[in-house]
Amino acid sequence: MSAIAARRRTLPGFGLTMGLTLSWLSVIILIPLAGLFLKSLELSPEQFWNILSSRRTLNALRVSFGLAFAAACVNLVMGSIIVWALVRYRFPGRRLFDAIVDVPFALPTAVAGVALTALFAEKGWLGAPLAALGIKVAFTPVGIFVAMIFIGIPFVVRTVQPVLQDLDPEIEEAAGSLGASRWQTIIRVILPSLGPALLTGLALAFARAVGEYGSVIFIAGNLPNVSEIAPLLIVIRLSEFRYADATAIAVVMLVVSFVVIFAVNRLQRWAQSRIPAR
Amino acid sequence: MTIEVKNLVKKFGSFKAIDGVDLKVDNGELLALLGPSGSGKTTLLRIIAGLDWPDSGEVSFNGEDALAQGARERHVGFVFQHYALFRHMTVFENVAFGLRVQPRAIRKDEATIRARVKELLDLVQLDWLADRYPSQLSGGQRQRIALARALAIEPRILLLDEPFGALDAKVRKELRRWLRSLHHEINVTSIFVTHDQEEALEVANRVVVMDKGRIEQIGSPDDVYESPATAFVHGFIGESIELPVHIAGGVIRLGDRPLRLAADGLAPGASKLFVRRHDMLVGPPGSGAFEGAVQHVRNFGPVQRAEVALSGGETIEIDAPRDRELRVGDSVGLQPRRYRIFAG
Amino acid sequence: MTMQIADSVSLSTSEAKARAHAAAARDNLRTEPRAVRIVVIALAMIFLTVFVVLPLVVVFAQAFSRGILAYLAALAEPEALSAIKLTLLVAAISVGLNLAFGLVAAWAIAKFEFRGKTFLITLIDLPFSVSPVISGLVFVLLFGAQGYFGGWLRDHDIQILFAVPGIALATTFVTFPFVARALIPLMQEQGTQEEEAAISLGASGLQTFFRVTLPNIKWGVLYGVLLCNARAMGEFGAVSVVSGHIRGETNTMPLLVEILYNEYQFVAAFAIASLLAMLALITLIAKSVLERHLHEGDELRDD
C-alpha cells in the first residue's frame, strides 16, 4: 500500500528531467524576460506613455507594424499560390523550388540584408530597371516591405502546405459531383478547409516581420520617422543609454508577439477540433 | 508462481478502469482475460506487470507484495500488443537485450548470452531470422520474437496483451495452437488478454470474463460457455438470442403472450431470456414455445441460418441443421432445448 | 461511385479503356484549365526567383566580383579569421547547451503525462517569437552597467556583456527551442512501449535511454542540432546588441559582414556573407536528407 501512495510512474527520471528543464528554462528564458518587465515597472505610467507617444517612437512602431502586416498579406496571397503550385502541379524544378522556400529560414539575416540591398540598390540587378520606371526600393520604406516579404514567405508556405497535402481528395470530388464548378469548389470547399492554416501562416509571418532586424536595417535607409523600424530604435536608444525608452518599446513589441502566439495557439486548437474523427 | 489480486481499483480521472477486482491465478496456469474494449483487462495486465499502478488494492506474487517492486524488479515477461520490438536492433539483439542490461555482477558472458538467445530463437522456431531487423519480419514472426525476448529474462510470470490482435485470421489460428503447446513446454504462469472469445476458449485453461472494470465470471472454457453466470457473459460469449420477458405468477411472458416454459424459482419482474441459436429446435406450428414465420434463409456449411419473425413482432436468428430445408414463408414452431433467464 | 456504375454499364468498351476514362474524369474534377495552371506556376516561380533565388545569387556574384584571389585574400584577413573562430566557439557552446537541454526536456515532456504540458511547450517556444533585438536587450538589462547584476559583476570583475559569455548567452536564448522542438513530437509519436519493454526486461533508466530511446531519435537529434547550429552561427540582432562590436574580439561573422559593408568593403563583406550562405545551403541539403530518414522511420512504424 505504501508503494501505491507514491503514485509511481513506470519510466524513471521524471522528477530529475522536469526539475532540470524548469531550472534551465528559468535561467535562460524566464528570468531575463521577467527582468525586462520588471524594468518597465520602474517607469511610471506617465513616463511610459510619454515615451510611447513621442513622434519618433510612434512612427517607428507604425512602420514596423504597418509594413509587417502589409508584407504578411502579400505573403498570404503569394504563399497560397506557391503552395498550390508545389502541391497540385507537376513541373520541372518543382522539388528545387520546394527546397528554396526554406532559404529565408536558413540564410543569416545579415546576409539577407546585404544581399537584398545589393539587389535593389539603384545600380543593382533589379534596382536599376525599377529605377528606370521611377520606383526606388532600397533606402525607402518599400525596401523594408521587400525585406519583410522575404523573411515571411516560408512561414505561410510551410504552414499551409501540409494541410493542402493532407486534404481529402474526396471532398473535392464530392463538390464536383454535386455540380460545383472548379472555382466554386476552391472558394467554398478548399479555402475554408485551409482557413485556420492560412490565418496561422499570416500571424507567424507578421510576428516574424515585426521583430525582424538584420535583413531590414541594411535596405531600410533608417531615416527617423520615415524608414526607421522599432527594433532599430531600441538599438539606438540603448546606444544612447536611454534604457527606459528601449525597455518601453520592447515591452510593447513583446506584448504584441505574445498576443499573436496566443492567437496562433487558439487557432491551431480550433483547427484540430474541426478535423472530423475518422 | 501464484498471483493474487485483491480488491483492485484503478481510475483514470473519473473513469473507473478497474472497479474492485479479485483474482487468484495458480502456478502454471494459462489464463485468459476476456472482455470487450474498455473492460479494464489490459489495465489489469499492466498493473500486474508494474507498468501501471492501482489507486488501491493489492497484488502479490507467491504471497509477496508485488506493488513494492517496480517493473524492473518483478521479473515479469510482458508481450506488448504491438510487440514494441526495438526497431534499431536485430532480432538477435532484441532477444539478447534483457540479458545484456543485467547488472555487471550477474551478467552472463557473451558466449552464454549467445547460446541462450540461440536456444530461445530455436524455441520460437525463428533462428534463421537472427540477423534481420523487426521491420523485415511478418506480423506473426514479430509476435514470436517478442515472446522470445520476454522469455529471455526467465520470467516468473508471462503476460501477453492481445497477443494475436494485430494478425490476420489464418496466422492467428496457427499461433494459438503454438502458444498452447509452448506453454505446455515451458509451464510458466501466464495470462493473456483478448477480446476474441474463440481465442480465449481455445487457448486458455481458465477464462476470466470482464466488463466495465469488473469480473463477471471466472471458470473453465466449458463453464463460461455452457453455464454463463450473468446476462453479460451469455450475450458476450457464443451467439445468443436475447428476448425481453416478464415473469409474474409463475408464468413467463413475451409481450403479453405466455410462453410454455418452466418458471420455477425465478424471481418475478422484467427479465432477459437467452437461448443459443443452435439450441432453438424447429418443429411444425404449435409444437413449441414460440410461433413464427421464416423470412430469410442462408446456408452456412452444416447449418442453415434462418431469420424468423415471431408472432409478437420480434425477429430472431436461429441455426438449424440442414436435414429439413426451411423455406421463406414457412410457419414454424420453435422450442428452446436449453435456455437461461437473468433478472434485469 | 459514378465511375463504377459507368464501368458496368458500358459493356462494349474494354475494361482498360473504361478505367482510363474514369481516371481522366477523376483528374478533371481536381485540377484547373491548362492556362490557369501555367499562370499559377509562373507566378510562383517568378516570386521565388525574385525574392529568394536572386538574393542568394547576388551574394556569390558580389563576393567574386574582383576575382577569386581578392575573395581568398578577404577571408585570410586576421579579422575574418578571428570572427570565424568566435562564431564556431559560440555555436559550439550554445548548441551543446541546447542539445543537453533538449534531450532532458523532451524526455520529461514526451514520455510523461502531467498538467500544464501545453503551457510548458509554449514557454519553450517563446524565443521564436521574441525579436532578436529584444533577446539581446534582456541581457543588457540584467548584466549591463545599470543592470540588475551589473554592480555585482563589476565588483567581482566578471565580464559578461561585450564578451564571449554575453554573446553565447544571447545565442543560447535565440536558439533555445530548436532541439527540444525537433525531439518532442518525434518522441511523443514513438510512445513509451519500447521503453516499457526495456524496463520490464530489467534495464535501468539510463540503459533504457541510451540503448532504446537515443537510437530511435538519432535523426531527430541531428535535425535539431543542424537547425540550432545554423541559427547560432547566423544570429545577428541579439548578438549585435550584446557584443559591443570590438574588432578582432567580439565580432562574429554576421557582425563582421555589417561592419565591412558599412565601410564599403563590399568584396570582403560578401566574402564572409558567402561563407554564411554556404552554411545555409549545406544546412538545407542536410535537412532534406535528414527529413527523408525521419520519414523512413514513419514507414517502418506503419506496417
# chains A, B, ... in the order shown; residues from 1 in each chain; ligands from 1
>>> select_by_dssp(residues="region 5-224 of chain A", states="alpha helix (DSSP H)", output="PyMOL selection string")
chain A and resi 5+14-25+31-41+45-53+55-88+94-100+103-106+109-120+127-132+141-166+169-177+182-184+191-211+214-220
>>> write_last_selection(atoms="C-alpha atoms", output="short mmCIF file (atom, residue, chain, number, x, y, z; two decimals), in the first residue's frame")
data_model
loop_
_atom_site.label_atom_id
_atom_site.label_comp_id
_atom_site.auth_asym_id
_atom_site.auth_seq_id
_atom_site.Cartn_x
_atom_site.Cartn_y
_atom_site.Cartn_z
CA ALA A 5 0.64 6.11 -2.21
CA PHE A 14 10.58 12.35 -14.42
CA GLY A 15 11.49 14.34 -11.33
CA LEU A 16 15.08 14.87 -12.38
CA THR A 17 14.43 15.80 -16.01
CA MET A 18 11.46 18.00 -15.19
CA GLY A 19 13.49 19.79 -12.50
CA LEU A 20 16.38 20.39 -14.89
CA THR A 21 14.01 21.56 -17.63
CA LEU A 22 12.28 24.08 -15.42
CA SER A 23 15.55 25.38 -13.93
CA TRP A 24 17.30 25.85 -17.25
CA LEU A 25 14.18 27.36 -18.81
CA ILE A 31 14.30 35.35 -15.67
CA PRO A 32 15.73 37.51 -18.49
CA LEU A 33 12.25 38.19 -19.86
CA ALA A 34 10.91 38.87 -16.37
CA GLY A 35 13.80 41.31 -15.92
CA LEU A 36 12.55 43.29 -18.91
CA PHE A 37 9.03 43.56 -17.48
CA LEU A 38 10.41 44.39 -14.05
CA LYS A 39 12.47 47.19 -15.58
CA SER A 40 9.42 48.55 -17.32
CA LEU A 41 7.61 48.67 -13.94
CA PRO A 45 2.54 55.12 -16.38
CA GLU A 46 3.07 58.71 -17.35
CA GLN A 47 6.72 58.19 -18.32
CA PHE A 48 5.74 55.05 -20.16
CA TRP A 49 3.11 56.95 -22.07
CA ASN A 50 5.43 59.83 -22.86
CA ILE A 51 7.99 57.52 -24.37
CA LEU A 52 5.46 55.69 -26.47
CA SER A 53 3.65 58.78 -27.64
CA ARG A 55 6.61 61.16 -32.51
CA ARG A 56 9.68 59.09 -33.32
CA THR A 57 8.53 56.06 -31.32
CA LEU A 58 5.04 56.19 -32.75
CA ASN A 59 6.38 56.40 -36.26
CA ALA A 60 8.80 53.53 -35.69
CA LEU A 61 6.01 51.34 -34.33
CA ARG A 62 3.78 52.37 -37.21
CA VAL A 63 6.45 51.49 -39.77
CA SER A 64 7.15 48.13 -38.12
CA PHE A 65 3.58 47.02 -37.55
CA GLY A 66 2.08 48.54 -40.69
CA LEU A 67 4.66 47.23 -43.13
CA ALA A 68 4.82 43.86 -41.36
CA PHE A 69 1.09 43.48 -41.79
CA ALA A 70 1.19 44.54 -45.43
CA ALA A 71 4.07 42.13 -46.09
CA ALA A 72 2.24 39.31 -44.31
CA CYS A 73 -0.80 39.92 -46.53
CA VAL A 74 1.34 39.72 -49.67
CA ASN A 75 2.88 36.54 -48.27
CA LEU A 76 -0.55 35.12 -47.64
CA VAL A 77 -1.58 35.56 -51.27
CA MET A 78 1.74 34.63 -52.87
CA GLY A 79 2.32 31.86 -50.35
CA SER A 80 -1.03 30.31 -51.26
CA ILE A 81 -0.18 30.43 -54.95
CA ILE A 82 3.21 28.85 -54.28
CA VAL A 83 1.69 26.12 -52.13
CA TRP A 84 -0.92 25.40 -54.79
CA ALA A 85 1.73 25.11 -57.50
CA LEU A 86 4.02 22.93 -55.35
CA VAL A 87 1.30 20.58 -54.11
CA ARG A 88 -1.07 20.30 -57.04
CA ARG A 94 9.35 21.65 -58.55
CA ARG A 95 11.47 19.89 -55.94
CA LEU A 96 14.17 22.54 -56.23
CA PHE A 97 11.68 25.36 -55.71
CA ASP A 98 10.18 23.46 -52.82
CA ALA A 99 13.60 23.34 -51.16
CA ILE A 100 14.30 27.01 -51.97
CA VAL A 103 16.22 29.70 -47.74
CA PRO A 104 14.88 32.70 -45.76
CA PHE A 105 14.72 30.44 -42.68
CA ALA A 106 18.28 29.31 -43.08
CA THR A 109 19.59 37.75 -41.60
CA ALA A 110 22.62 39.98 -42.06
CA VAL A 111 23.46 38.14 -45.27
CA ALA A 112 19.89 38.52 -46.50
CA GLY A 113 20.07 42.19 -45.63
CA VAL A 114 23.21 42.99 -47.62
CA ALA A 115 22.07 40.77 -50.50
CA LEU A 116 18.65 42.40 -50.82
CA THR A 117 20.28 45.82 -50.62
CA ALA A 118 22.75 44.98 -53.39
CA LEU A 119 19.92 43.57 -55.48
CA PHE A 120 17.55 46.50 -55.10
CA GLY A 127 17.07 48.16 -58.63
CA ALA A 128 18.30 49.54 -61.98
CA PRO A 129 15.26 48.53 -64.06
CA LEU A 130 12.93 49.64 -61.26
CA ALA A 131 14.72 52.98 -61.02
CA ALA A 132 14.15 53.41 -64.74
CA PRO A 141 10.01 52.13 -46.75
CA VAL A 142 9.47 49.98 -49.87
CA GLY A 143 12.82 48.34 -49.10
CA ILE A 144 11.59 47.44 -45.59
CA PHE A 145 8.48 45.96 -47.17
CA VAL A 146 10.58 43.86 -49.58
CA ALA A 147 12.81 42.54 -46.78
CA MET A 148 9.76 41.65 -44.70
CA ILE A 149 8.23 39.73 -47.61
CA PHE A 150 11.50 37.84 -47.98
CA ILE A 151 11.63 36.89 -44.32
CA GLY A 152 7.97 35.87 -44.04
CA ILE A 153 7.35 33.72 -47.09
CA PRO A 154 8.38 30.32 -45.64
CA PHE A 155 6.03 30.77 -42.70
CA VAL A 156 2.94 30.84 -44.90
CA VAL A 157 4.14 28.12 -47.28
CA ARG A 158 5.28 25.67 -44.59
CA THR A 159 2.11 26.15 -42.54
CA VAL A 160 -0.35 25.71 -45.40
CA GLN A 161 1.49 23.10 -47.48
CA PRO A 162 0.97 20.07 -45.21
CA VAL A 163 -2.70 20.92 -44.75
CA LEU A 164 -3.33 21.10 -48.51
CA GLN A 165 -1.38 17.87 -48.96
CA ASP A 166 -3.50 16.04 -46.42
CA PRO A 169 -9.43 14.38 -52.35
CA GLU A 170 -12.91 13.01 -51.82
CA ILE A 171 -14.27 16.33 -50.63
CA GLU A 172 -13.37 17.94 -53.94
CA GLU A 173 -14.81 15.02 -55.85
CA ALA A 174 -17.95 15.28 -53.79
CA ALA A 175 -18.24 19.00 -54.54
CA GLY A 176 -17.63 18.37 -58.24
CA SER A 177 -20.16 15.56 -58.40
CA ARG A 182 -13.89 24.26 -60.10
CA TRP A 183 -13.83 27.86 -58.90
CA GLN A 184 -16.77 27.25 -56.56
CA LEU A 191 -10.25 27.63 -48.93
CA PRO A 192 -12.43 27.15 -45.84
CA SER A 193 -10.59 23.92 -45.11
CA LEU A 194 -7.31 25.80 -45.33
CA GLY A 195 -8.65 28.74 -43.33
CA PRO A 196 -7.02 28.07 -39.97
CA ALA A 197 -3.68 27.23 -41.61
CA LEU A 198 -3.80 30.40 -43.74
CA LEU A 199 -4.53 32.54 -40.69
CA THR A 200 -1.78 30.82 -38.72
CA GLY A 201 0.67 31.44 -41.54
CA LEU A 202 -0.36 35.07 -41.72
CA ALA A 203 0.11 35.51 -37.97
CA LEU A 204 3.51 33.81 -37.95
CA ALA A 205 4.77 35.84 -40.93
CA PHE A 206 3.52 39.02 -39.28
CA ALA A 207 5.14 38.22 -35.93
CA ARG A 208 8.45 37.44 -37.57
CA ALA A 209 8.41 40.59 -39.72
CA VAL A 210 7.56 42.87 -36.79
CA GLY A 211 10.61 41.76 -34.83
CA GLY A 214 19.09 42.03 -39.61
CA SER A 215 17.56 41.73 -43.04
CA VAL A 216 15.76 45.08 -42.75
CA ILE A 217 18.28 47.57 -41.45
CA PHE A 218 20.60 47.43 -44.45
CA ILE A 219 17.91 48.16 -47.00
CA ALA A 220 15.80 50.47 -44.86
#
>>> residues_around(residues="Val130 (chain C)", least_positions_apart="4", cutoff="10 Å", atoms="only C-alpha atoms", output="PyMOL selection string")
(chain A and resi 33+207-208+210-212+250+253-258) or (chain C and resi 125-126+134-135+173-174)
>>> write_last_selection(atoms="N, CA and C atoms", output="tab-separated table (two decimals), in the first residue's frame")
chain	number	residue	atom	x	y	z
A	33	LEU	N	13.46	37.51	-19.39
A	33	LEU	CA	12.25	38.19	-19.86
A	33	LEU	C	11.55	38.90	-18.71
A	207	ALA	N	4.34	38.15	-37.15
A	207	ALA	CA	5.14	38.22	-35.93
A	207	ALA	C	6.63	38.27	-36.25
A	208	ARG	N	7.03	37.46	-37.22
A	208	ARG	CA	8.45	37.44	-37.57
A	208	ARG	C	8.88	38.79	-38.16
A	210	VAL	N	7.57	41.78	-37.76
A	210	VAL	CA	7.56	42.87	-36.79
A	210	VAL	C	8.89	42.94	-36.04
A	211	GLY	N	9.40	41.77	-35.65
A	211	GLY	CA	10.61	41.76	-34.83
A	211	GLY	C	11.89	41.75	-35.64
A	212	GLU	N	11.76	41.61	-36.96
A	212	GLU	CA	12.94	41.41	-37.80
A	212	GLU	C	13.88	42.63	-37.74
A	250	ALA	N	10.35	47.82	-26.18
A	250	ALA	CA	10.47	46.36	-26.19
A	250	ALA	C	9.25	45.71	-25.56
A	253	MET	N	6.34	45.67	-27.94
A	253	MET	CA	6.51	44.66	-29.00
A	253	MET	C	6.34	43.25	-28.47
A	254	LEU	N	6.86	43.01	-27.25
A	254	LEU	CA	6.73	41.67	-26.66
A	254	LEU	C	5.27	41.33	-26.42
A	255	VAL	N	4.54	42.30	-25.87
A	255	VAL	CA	3.13	42.03	-25.58
A	255	VAL	C	2.40	41.68	-26.87
A	256	VAL	N	2.69	42.43	-27.93
A	256	VAL	CA	2.02	42.13	-29.21
A	256	VAL	C	2.40	40.72	-29.66
A	257	SER	N	3.70	40.35	-29.55
A	257	SER	CA	4.03	39.00	-30.05
A	257	SER	C	3.40	37.93	-29.17
A	258	PHE	N	3.26	38.18	-27.86
A	258	PHE	CA	2.60	37.18	-27.01
A	258	PHE	C	1.14	37.03	-27.42
C	125	ASP	N	8.87	27.56	-26.55
C	125	ASP	CA	8.79	28.19	-27.87
C	125	ASP	C	8.99	29.70	-27.85
C	126	LEU	N	8.88	30.30	-26.65
C	126	LEU	CA	8.89	31.77	-26.56
C	126	LEU	C	9.97	32.46	-27.39
C	134	ILE	N	15.32	42.30	-28.91
C	134	ILE	CA	14.85	42.21	-27.52
C	134	ILE	C	15.58	41.08	-26.80
C	135	SER	N	15.89	40.00	-27.51
C	135	SER	CA	16.65	38.90	-26.91
C	135	SER	C	18.01	39.40	-26.42
C	173	PHE	N	19.86	31.86	-25.99
C	173	PHE	CA	18.46	32.31	-25.86
C	173	PHE	C	17.71	32.15	-27.19
C	174	VAL	N	18.28	32.67	-28.27
C	174	VAL	CA	17.53	32.65	-29.54
C	174	VAL	C	17.44	31.24	-30.13
>>> residues_around(residues="Gly237 (chain C)", least_positions_apart="2", cutoff="7 Å", atoms="only C-alpha atoms", output="list in words")
Tyr213 and Gly214 of chain A; Pro132, Val133, Glu235, Val239, Ser240 and Val241 of chain C
>>> interface_residues(of="chain C", to="chain B", cutoff="6 Å", atoms="only C-alpha atoms", output="list in words")
Gln193, Glu194, Ile199, Ser200, Leu201, Gly202, Ala203 and Leu300 of chain C
>>> interface_residues(of="chain B", to="chain A", cutoff="10 Å", atoms="only C-alpha atoms", output="list in words")
Gly50, Leu51, Asp52, Trp53, Pro54, Asp55, Ser56, Gly57, Glu58, Val59, Asp65, Ala66, Leu67, Ala68, Gln69, Gly70, Ala71 and Arg72 of chain B
>>> select_by_dssp(residues="region 105-186 of chain B", states="strand (DSSP E)", output="ChimeraX atom specification")
/B:157-161
>>> atom_distance(atom1="CA of Trp178 (chain B)", atom2="CA of Gly140 (chain B)")
11.3 Å
>>> atom_distance(atom1="CA of His234 (chain B)", atom2="CA of Asp22 (chain B)")
21.2 Å
